[in-house]
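Participant: This one is query38.txt, compact mmCIF, N, CA and C atoms.
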# COMPACT_ATOMS: atom_id res chain seq x y z
N MET A 1 2.72 -8.81 -19.13
CA MET A 1 2.50 -9.18 -17.73
C MET A 1 1.04 -8.93 -17.40
N GLY A 2 0.39 -9.91 -16.85
CA GLY A 2 -1.02 -9.77 -16.53
C GLY A 2 -1.28 -9.85 -15.04
N LEU A 3 -2.43 -9.40 -14.67
CA LEU A 3 -2.86 -9.38 -13.28
C LEU A 3 -2.73 -10.74 -12.61
N ASP A 4 -3.03 -11.81 -13.33
CA ASP A 4 -2.99 -13.15 -12.75
C ASP A 4 -1.58 -13.62 -12.41
N THR A 5 -0.58 -13.02 -13.01
CA THR A 5 0.80 -13.43 -12.73
C THR A 5 1.53 -12.45 -11.82
N TRP A 6 0.84 -11.41 -11.37
CA TRP A 6 1.48 -10.42 -10.51
C TRP A 6 1.87 -11.00 -9.17
N GLU A 7 3.06 -10.62 -8.73
CA GLU A 7 3.46 -10.82 -7.34
C GLU A 7 3.11 -9.52 -6.63
N PHE A 8 3.25 -9.49 -5.31
CA PHE A 8 2.89 -8.29 -4.56
C PHE A 8 3.68 -7.08 -5.04
N ILE A 9 4.95 -7.24 -5.36
CA ILE A 9 5.77 -6.11 -5.82
C ILE A 9 5.24 -5.56 -7.14
N ASP A 10 4.70 -6.42 -7.99
CA ASP A 10 4.10 -5.96 -9.25
C ASP A 10 2.85 -5.12 -8.97
N PHE A 11 2.03 -5.62 -8.06
CA PHE A 11 0.82 -4.89 -7.68
C PHE A 11 1.20 -3.52 -7.10
N LYS A 12 2.17 -3.52 -6.21
CA LYS A 12 2.62 -2.30 -5.56
C LYS A 12 3.12 -1.30 -6.61
N ALA A 13 3.91 -1.78 -7.56
CA ALA A 13 4.43 -0.91 -8.61
C ALA A 13 3.28 -0.34 -9.44
N TYR A 14 2.34 -1.19 -9.83
CA TYR A 14 1.20 -0.74 -10.63
C TYR A 14 0.41 0.32 -9.86
N LEU A 15 0.15 0.06 -8.60
CA LEU A 15 -0.60 0.99 -7.76
C LEU A 15 0.12 2.34 -7.69
N PHE A 16 1.41 2.32 -7.40
CA PHE A 16 2.14 3.58 -7.27
C PHE A 16 2.20 4.34 -8.59
N ILE A 17 2.42 3.63 -9.69
CA ILE A 17 2.48 4.29 -10.99
C ILE A 17 1.12 4.90 -11.31
N TYR A 18 0.06 4.14 -11.07
CA TYR A 18 -1.29 4.67 -11.29
C TYR A 18 -1.50 5.96 -10.48
N CYS A 19 -1.05 5.95 -9.26
CA CYS A 19 -1.21 7.11 -8.39
C CYS A 19 -0.40 8.31 -8.87
N THR A 20 0.73 8.07 -9.53
CA THR A 20 1.52 9.21 -10.03
C THR A 20 0.77 9.97 -11.12
N PHE A 21 -0.23 9.35 -11.72
CA PHE A 21 -1.02 10.00 -12.75
C PHE A 21 -2.36 10.53 -12.20
N ALA A 22 -2.53 10.56 -10.89
CA ALA A 22 -3.81 10.93 -10.29
C ALA A 22 -4.31 12.30 -10.73
N ASP A 23 -3.40 13.25 -10.87
CA ASP A 23 -3.83 14.58 -11.29
C ASP A 23 -3.52 14.82 -12.78
N HIS A 24 -3.46 13.71 -13.52
CA HIS A 24 -3.36 13.68 -14.98
C HIS A 24 -2.02 14.13 -15.55
N LEU A 25 -1.04 14.34 -14.70
CA LEU A 25 0.32 14.53 -15.16
C LEU A 25 1.25 13.97 -14.10
N GLN A 26 2.29 13.35 -14.57
CA GLN A 26 3.19 12.66 -13.65
C GLN A 26 4.22 13.65 -13.12
N VAL A 27 4.13 13.98 -11.84
CA VAL A 27 5.05 14.90 -11.20
C VAL A 27 6.36 14.16 -10.93
N GLU A 28 7.48 14.79 -11.23
CA GLU A 28 8.78 14.14 -11.13
C GLU A 28 9.08 13.64 -9.71
N THR A 29 8.71 14.41 -8.68
CA THR A 29 8.99 13.96 -7.31
C THR A 29 8.21 12.68 -6.99
N GLU A 30 6.97 12.59 -7.46
CA GLU A 30 6.17 11.39 -7.24
C GLU A 30 6.75 10.22 -8.03
N ARG A 31 7.19 10.49 -9.24
CA ARG A 31 7.79 9.46 -10.08
C ARG A 31 9.05 8.89 -9.41
N ARG A 32 9.91 9.77 -8.92
CA ARG A 32 11.14 9.32 -8.26
C ARG A 32 10.85 8.50 -7.01
N LEU A 33 9.85 8.92 -6.25
CA LEU A 33 9.49 8.17 -5.04
C LEU A 33 8.95 6.79 -5.39
N ALA A 34 8.14 6.70 -6.44
CA ALA A 34 7.62 5.40 -6.87
C ALA A 34 8.76 4.49 -7.31
N ILE A 35 9.71 5.03 -8.06
CA ILE A 35 10.88 4.24 -8.50
C ILE A 35 11.68 3.78 -7.29
N LYS A 36 11.85 4.65 -6.32
CA LYS A 36 12.59 4.29 -5.10
C LYS A 36 11.92 3.13 -4.36
N LYS A 37 10.61 3.10 -4.37
CA LYS A 37 9.88 2.07 -3.62
C LYS A 37 9.83 0.72 -4.33
N VAL A 38 9.89 0.72 -5.68
CA VAL A 38 9.71 -0.55 -6.41
C VAL A 38 10.86 -0.90 -7.35
N GLY A 39 11.80 0.02 -7.52
CA GLY A 39 12.92 -0.24 -8.41
C GLY A 39 12.64 0.23 -9.83
N GLU A 40 13.69 0.66 -10.51
CA GLU A 40 13.52 1.24 -11.84
C GLU A 40 13.05 0.23 -12.88
N GLN A 41 13.57 -0.98 -12.81
CA GLN A 41 13.18 -2.00 -13.80
C GLN A 41 11.69 -2.33 -13.69
N LYS A 42 11.22 -2.57 -12.46
CA LYS A 42 9.80 -2.88 -12.25
C LYS A 42 8.93 -1.69 -12.65
N PHE A 43 9.40 -0.49 -12.31
CA PHE A 43 8.67 0.73 -12.66
C PHE A 43 8.49 0.83 -14.18
N LYS A 44 9.58 0.68 -14.93
CA LYS A 44 9.52 0.79 -16.39
C LYS A 44 8.59 -0.26 -16.99
N LYS A 45 8.71 -1.48 -16.50
CA LYS A 45 7.91 -2.58 -17.03
C LYS A 45 6.40 -2.32 -16.87
N LEU A 46 6.02 -1.90 -15.68
CA LEU A 46 4.59 -1.69 -15.42
C LEU A 46 4.11 -0.33 -15.91
N HIS A 47 5.00 0.62 -16.08
CA HIS A 47 4.63 1.93 -16.61
C HIS A 47 4.07 1.78 -18.02
N GLU A 48 4.69 0.92 -18.81
CA GLU A 48 4.20 0.66 -20.17
C GLU A 48 2.79 0.08 -20.14
N GLU A 49 2.55 -0.83 -19.21
CA GLU A 49 1.22 -1.44 -19.10
C GLU A 49 0.17 -0.41 -18.69
N ILE A 50 0.51 0.39 -17.71
CA ILE A 50 -0.49 1.34 -17.19
C ILE A 50 -0.81 2.43 -18.19
N GLU A 51 0.14 2.77 -19.04
CA GLU A 51 -0.13 3.79 -20.07
C GLU A 51 -1.17 3.30 -21.07
N LYS A 52 -1.28 1.99 -21.25
CA LYS A 52 -2.25 1.41 -22.18
C LYS A 52 -3.63 1.26 -21.54
N ASP A 53 -3.68 1.20 -20.21
CA ASP A 53 -4.94 0.98 -19.49
C ASP A 53 -5.72 2.28 -19.31
N THR A 54 -7.04 2.18 -19.37
CA THR A 54 -7.89 3.31 -19.02
C THR A 54 -7.98 3.38 -17.50
N ASP A 55 -8.53 4.48 -16.99
CA ASP A 55 -8.72 4.61 -15.54
C ASP A 55 -9.58 3.47 -15.00
N ASP A 56 -10.64 3.13 -15.72
CA ASP A 56 -11.53 2.05 -15.27
C ASP A 56 -10.80 0.72 -15.21
N VAL A 57 -10.00 0.44 -16.23
CA VAL A 57 -9.23 -0.81 -16.24
C VAL A 57 -8.26 -0.83 -15.07
N SER A 58 -7.57 0.28 -14.84
CA SER A 58 -6.59 0.35 -13.76
C SER A 58 -7.23 0.13 -12.39
N ILE A 59 -8.31 0.83 -12.12
CA ILE A 59 -8.94 0.71 -10.80
C ILE A 59 -9.53 -0.69 -10.63
N ASN A 60 -10.02 -1.28 -11.70
CA ASN A 60 -10.53 -2.65 -11.62
C ASN A 60 -9.41 -3.66 -11.37
N LYS A 61 -8.26 -3.44 -11.96
CA LYS A 61 -7.11 -4.32 -11.69
C LYS A 61 -6.72 -4.24 -10.21
N ILE A 62 -6.69 -3.03 -9.69
CA ILE A 62 -6.35 -2.84 -8.28
C ILE A 62 -7.39 -3.53 -7.40
N ARG A 63 -8.65 -3.28 -7.69
CA ARG A 63 -9.75 -3.88 -6.91
C ARG A 63 -9.70 -5.41 -6.95
N ARG A 64 -9.49 -5.96 -8.15
CA ARG A 64 -9.45 -7.43 -8.29
C ARG A 64 -8.25 -8.03 -7.57
N TYR A 65 -7.11 -7.38 -7.63
CA TYR A 65 -5.93 -7.91 -6.94
C TYR A 65 -6.17 -7.93 -5.43
N VAL A 66 -6.68 -6.83 -4.90
CA VAL A 66 -6.94 -6.74 -3.45
C VAL A 66 -7.92 -7.83 -3.03
N LYS A 67 -8.98 -8.01 -3.80
CA LYS A 67 -9.99 -9.03 -3.46
C LYS A 67 -9.41 -10.43 -3.55
N LYS A 68 -8.69 -10.72 -4.61
CA LYS A 68 -8.15 -12.06 -4.83
C LYS A 68 -7.08 -12.44 -3.82
N HIS A 69 -6.26 -11.48 -3.41
CA HIS A 69 -5.11 -11.79 -2.58
C HIS A 69 -5.29 -11.46 -1.10
N ASN A 70 -6.47 -10.98 -0.74
CA ASN A 70 -6.75 -10.69 0.67
C ASN A 70 -5.58 -10.01 1.37
N ILE A 71 -5.23 -8.85 0.87
CA ILE A 71 -4.12 -8.10 1.47
C ILE A 71 -4.44 -7.84 2.93
N ASN A 72 -3.48 -8.18 3.80
CA ASN A 72 -3.75 -8.06 5.23
C ASN A 72 -3.77 -6.60 5.69
N LYS A 73 -4.25 -6.41 6.90
CA LYS A 73 -4.46 -5.08 7.46
C LYS A 73 -3.18 -4.25 7.47
N GLU A 74 -2.08 -4.85 7.89
CA GLU A 74 -0.82 -4.12 7.97
C GLU A 74 -0.32 -3.72 6.58
N ALA A 75 -0.41 -4.61 5.62
CA ALA A 75 0.03 -4.30 4.26
C ALA A 75 -0.85 -3.19 3.66
N ALA A 76 -2.15 -3.26 3.91
CA ALA A 76 -3.06 -2.24 3.39
C ALA A 76 -2.74 -0.87 3.99
N LYS A 77 -2.50 -0.83 5.29
CA LYS A 77 -2.14 0.43 5.95
C LYS A 77 -0.85 0.99 5.37
N LYS A 78 0.13 0.13 5.18
CA LYS A 78 1.43 0.56 4.65
C LYS A 78 1.28 1.09 3.23
N LEU A 79 0.52 0.40 2.40
CA LEU A 79 0.30 0.87 1.03
C LEU A 79 -0.36 2.24 1.01
N LEU A 80 -1.38 2.42 1.84
CA LEU A 80 -2.06 3.71 1.88
C LEU A 80 -1.15 4.82 2.39
N LEU A 81 -0.31 4.52 3.38
CA LEU A 81 0.65 5.51 3.87
C LEU A 81 1.65 5.87 2.78
N ASP A 82 2.13 4.87 2.05
CA ASP A 82 3.07 5.11 0.97
C ASP A 82 2.44 5.95 -0.14
N VAL A 83 1.18 5.67 -0.46
CA VAL A 83 0.47 6.45 -1.47
C VAL A 83 0.33 7.90 -1.01
N LYS A 84 -0.06 8.08 0.24
CA LYS A 84 -0.23 9.44 0.76
C LYS A 84 1.10 10.19 0.75
N ASP A 85 2.18 9.51 1.17
CA ASP A 85 3.52 10.13 1.14
C ASP A 85 3.88 10.55 -0.28
N MET A 86 3.56 9.70 -1.23
CA MET A 86 3.86 10.02 -2.62
C MET A 86 3.07 11.25 -3.07
N PHE A 87 1.80 11.29 -2.72
CA PHE A 87 0.97 12.44 -3.10
C PHE A 87 1.50 13.74 -2.48
N LEU A 88 2.00 13.64 -1.27
CA LEU A 88 2.49 14.83 -0.57
C LEU A 88 3.93 15.20 -0.93
N SER A 89 4.60 14.36 -1.69
CA SER A 89 6.02 14.57 -1.99
C SER A 89 6.30 15.86 -2.78
N ASP A 90 5.30 16.36 -3.48
CA ASP A 90 5.47 17.62 -4.21
C ASP A 90 4.95 18.81 -3.41
N GLY A 91 4.60 18.56 -2.14
CA GLY A 91 4.17 19.64 -1.26
C GLY A 91 2.69 19.94 -1.30
N GLU A 92 1.94 19.23 -2.13
CA GLU A 92 0.50 19.48 -2.24
C GLU A 92 -0.27 18.16 -2.29
N PHE A 93 -1.51 18.21 -1.82
CA PHE A 93 -2.40 17.06 -1.87
C PHE A 93 -3.61 17.52 -2.68
N HIS A 94 -3.49 17.43 -3.99
CA HIS A 94 -4.49 17.96 -4.92
C HIS A 94 -5.84 17.26 -4.78
N LYS A 95 -6.86 17.93 -5.26
CA LYS A 95 -8.23 17.40 -5.19
C LYS A 95 -8.35 16.02 -5.84
N LEU A 96 -7.77 15.84 -7.02
CA LEU A 96 -7.85 14.55 -7.70
C LEU A 96 -7.06 13.47 -6.95
N GLU A 97 -5.96 13.86 -6.33
CA GLU A 97 -5.20 12.91 -5.51
C GLU A 97 -6.03 12.48 -4.30
N ARG A 98 -6.69 13.45 -3.67
CA ARG A 98 -7.55 13.13 -2.52
C ARG A 98 -8.68 12.19 -2.92
N ARG A 99 -9.25 12.44 -4.09
CA ARG A 99 -10.35 11.60 -4.58
C ARG A 99 -9.86 10.16 -4.80
N LEU A 100 -8.71 10.01 -5.42
CA LEU A 100 -8.15 8.67 -5.63
C LEU A 100 -7.80 8.02 -4.30
N TYR A 101 -7.21 8.79 -3.39
CA TYR A 101 -6.87 8.25 -2.08
C TYR A 101 -8.12 7.72 -1.37
N ASN A 102 -9.19 8.48 -1.42
CA ASN A 102 -10.45 8.04 -0.79
C ASN A 102 -10.98 6.76 -1.44
N SER A 103 -10.85 6.66 -2.75
CA SER A 103 -11.27 5.43 -3.45
C SER A 103 -10.43 4.24 -3.00
N LEU A 104 -9.12 4.46 -2.86
CA LEU A 104 -8.25 3.38 -2.40
C LEU A 104 -8.58 2.97 -0.97
N GLU A 105 -8.91 3.94 -0.13
CA GLU A 105 -9.33 3.61 1.23
C GLU A 105 -10.55 2.70 1.21
N ARG A 106 -11.49 2.98 0.32
CA ARG A 106 -12.69 2.13 0.21
C ARG A 106 -12.32 0.73 -0.30
N ILE A 107 -11.42 0.67 -1.28
CA ILE A 107 -11.00 -0.62 -1.81
C ILE A 107 -10.32 -1.46 -0.74
N PHE A 108 -9.44 -0.83 0.02
CA PHE A 108 -8.73 -1.53 1.09
C PHE A 108 -9.55 -1.60 2.38
N GLY A 109 -10.66 -0.91 2.42
CA GLY A 109 -11.45 -0.76 3.64
C GLY A 109 -11.80 -2.03 4.36
N LYS A 110 -12.18 -3.06 3.63
CA LYS A 110 -12.56 -4.30 4.29
C LYS A 110 -11.39 -4.90 5.05
N GLU A 111 -10.16 -4.71 4.54
CA GLU A 111 -8.99 -5.22 5.25
C GLU A 111 -8.66 -4.34 6.45
N LEU A 112 -8.84 -3.05 6.30
CA LEU A 112 -8.52 -2.14 7.40
C LEU A 112 -9.50 -2.29 8.56
N SER A 113 -10.71 -2.74 8.28
CA SER A 113 -11.71 -2.87 9.35
C SER A 113 -11.62 -4.20 10.10
N LYS A 114 -10.78 -5.12 9.60
CA LYS A 114 -10.63 -6.41 10.30
C LYS A 114 -9.81 -6.22 11.56
N THR A 115 -10.13 -7.00 12.55
CA THR A 115 -9.36 -6.92 13.81
C THR A 115 -8.36 -8.02 13.90
Show me this structure written as structure tokens.
Facilitator:
Amino acid sequence: MGLDTWEFIDFKAYLFIYCTFADHLQVETERRLAIKKVGEQKFKKLHEEIEKDTDDVSINKIRRYVKKHNINKEAAKKLLLDVKDMFLSDGEFHKLERRLYNSLERIFGKELSKT
């Protein structure tokens, strides 16, 4: 499955799975929340892809999808809220999670600033 064939649910699954690895280990509560949001089948399918990707490849895929598909303001806000909820699901918002969250805010920033 490649970026060019992704539907929004594929992008969402990839984003959430990538975020579960933000602090370099996948916390079970974050994993369960990601599965709940995108379904187990989609999670498994994209989990294999993301394990092969480097951090640079992953963030570039996210950046390119957002740019190509012009995610609207409401969808961007919802994605960021879902990511933050996932990060907080284990009771902590670690430094690396905060760093990734800030990067995602910048990636989605152009959509969030539109009126």
Participant: Using only N, CA and C atoms, which residues sit within 6.5 Å of stretch 8-23 of chain A once same-chain residues fewer than 3 positions away are excluded, as number ranges by chain?
Facilitator: A: 26-27, 30-31, 34, 38, 42-43, 46-47, 96-97
Participant: Record the distance separating atom CA of A:Met86 and atom CA of A:Leu33, expressed in Å with one decimal.
Facilitator: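 Between atom CA of A:Met86 and atom CA of A:Leu33 the gap works out to 6.4 Å.
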Participant: Per DSSP on the backbone, filter stretch 12-95 of chain A down to the residues in helix (DSSP H, G or I) and report them as a VMD selection string.
Facilitator: chain A and resid 12 to 20 28 to 38 40 to 52 55 to 69 73 to 88 95
Participant: Counting only N, CA and C atoms, which residue out of A:Gly109, A:Asp90, A:Asp55, A:Glu49 sits closest to A:Ala76?
Facilitator: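 Result for the nearest residue to A:Ala76: A:Gly109.
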Participant: Expressed in Å to a single decimal, how great is the separation between atom CA of A:Thr29 and atom CA of A:Val57?
Facilitator: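 Here the two named atoms are 25.1 Å from each other.
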Participant: Suppose you want the space between atom N of A:Glu105 and atom N of A:His69; what is it in Å?
Facilitator: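 Atom N of A:Glu105 sits 16.0 Å away from atom N of A:His69.
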Participant: Can you work out which one of A:Lys77, A:Asp82, A:Ser89, A:Lys68 has the shortest atom-to-atom distance to A:Glu28, counting all atoms listed in the file?
Facilitator: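 Of A:Lys77, A:Asp82, A:Ser89, A:Lys68, the one nearest A:Glu28, counting all atoms listed in the file, is A:Ser89.
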Participant: Show me, as a PDB file with N, CA and C atoms, in the coordinates of the input, the residues that have an atom within 10 Å of A:Lys84 when counting only C-alpha atoms, minus same-chain residues fewer than 4 positions from it.
Facilitator:
ATOM      1  N   CYS A  19      -1.050   5.950  -9.260  1.00  0.00           N
ATOM      2  CA  CYS A  19      -1.210   7.110  -8.390  1.00  0.00           C
ATOM      3  C   CYS A  19      -0.400   8.310  -8.870  1.00  0.00           C
ATOM      4  N   LYS A  78       0.130   0.130   5.180  1.00  0.00           N
ATOM      5  CA  LYS A  78       1.430   0.560   4.650  1.00  0.00           C
ATOM      6  C   LYS A  78       1.280   1.090   3.230  1.00  0.00           C
ATOM      7  N   LEU A  79       0.520   0.400   2.400  1.00  0.00           N
ATOM      8  CA  LEU A  79       0.300   0.870   1.030  1.00  0.00           C
ATOM      9  C   LEU A  79      -0.360   2.240   1.010  1.00  0.00           C
ATOM     10  N   LEU A  80      -1.380   2.420   1.840  1.00  0.00           N
ATOM     11  CA  LEU A  80      -2.060   3.710   1.880  1.00  0.00           C
ATOM     12  C   LEU A  80      -1.150   4.820   2.390  1.00  0.00           C
ATOM     13  N   LEU A  88       2.000  13.640  -1.270  1.00  0.00           N
ATOM     14  CA  LEU A  88       2.490  14.830  -0.570  1.00  0.00           C
ATOM     15  C   LEU A  88       3.930  15.200  -0.930  1.00  0.00           C
ATOM     16  N   SER A  89       4.600  14.360  -1.690  1.00  0.00           N
ATOM     17  CA  SER A  89       6.020  14.570  -1.990  1.00  0.00           C
ATOM     18  C   SER A  89       6.300  15.860  -2.780  1.00  0.00           C
ATOM     19  N   PHE A  93      -1.510  18.210  -1.820  1.00  0.00           N
ATOM     20  CA  PHE A  93      -2.400  17.060  -1.870  1.00  0.00           C
ATOM     21  C   PHE A  93      -3.610  17.520  -2.680  1.00  0.00           C
ATOM     22  N   GLU A  97      -5.960  13.860  -6.330  1.00  0.00           N
ATOM     23  CA  GLU A  97      -5.200  12.910  -5.510  1.00  0.00           C
ATOM     24  C   GLU A  97      -6.030  12.480  -4.300  1.00  0.00           C
ATOM     25  N   ARG A  98      -6.690  13.450  -3.670  1.00  0.00           N
ATOM     26  CA  ARG A  98      -7.550  13.130  -2.520  1.00  0.00           C
ATOM     27  C   ARG A  98      -8.680  12.190  -2.920  1.00  0.00           C
ATOM     28  N   TYR A 101      -7.210   8.790  -3.390  1.00  0.00           N
ATOM     29  CA  TYR A 101      -6.870   8.250  -2.080  1.00  0.00           C
ATOM     30  C   TYR A 101      -8.120   7.720  -1.370  1.00  0.00           C
TER      31      TYR A 101
END
Participant: I need the residue nearest A:Leu104 from this list: A:Thr54, A:Thr5, A:Asn72, A:Asn60. Use only C-alpha atoms for the distance.
Facilitator: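 That would be A:Asn60, the residue with the smallest distance to A:Leu104.
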Participant: Using all atoms listed in the file, find the one residue out of A:Asp4, A:Ile50, A:His94, A:Ile107 that sits nearest to A:Val66.
Facilitator: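 Ranking A:Asp4, A:Ile50, A:His94, A:Ile107 by distance to A:Val66, first place goes to A:Ile107.
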Participant: When distances are computed from only C-alpha atoms, which of A:Arg63, A:Phe108, A:Trp6, A:Arg99 shows the smallest separation from A:Ala75?
Facilitator: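 For A:Ala75, the nearest of the given residues is A:Phe108.
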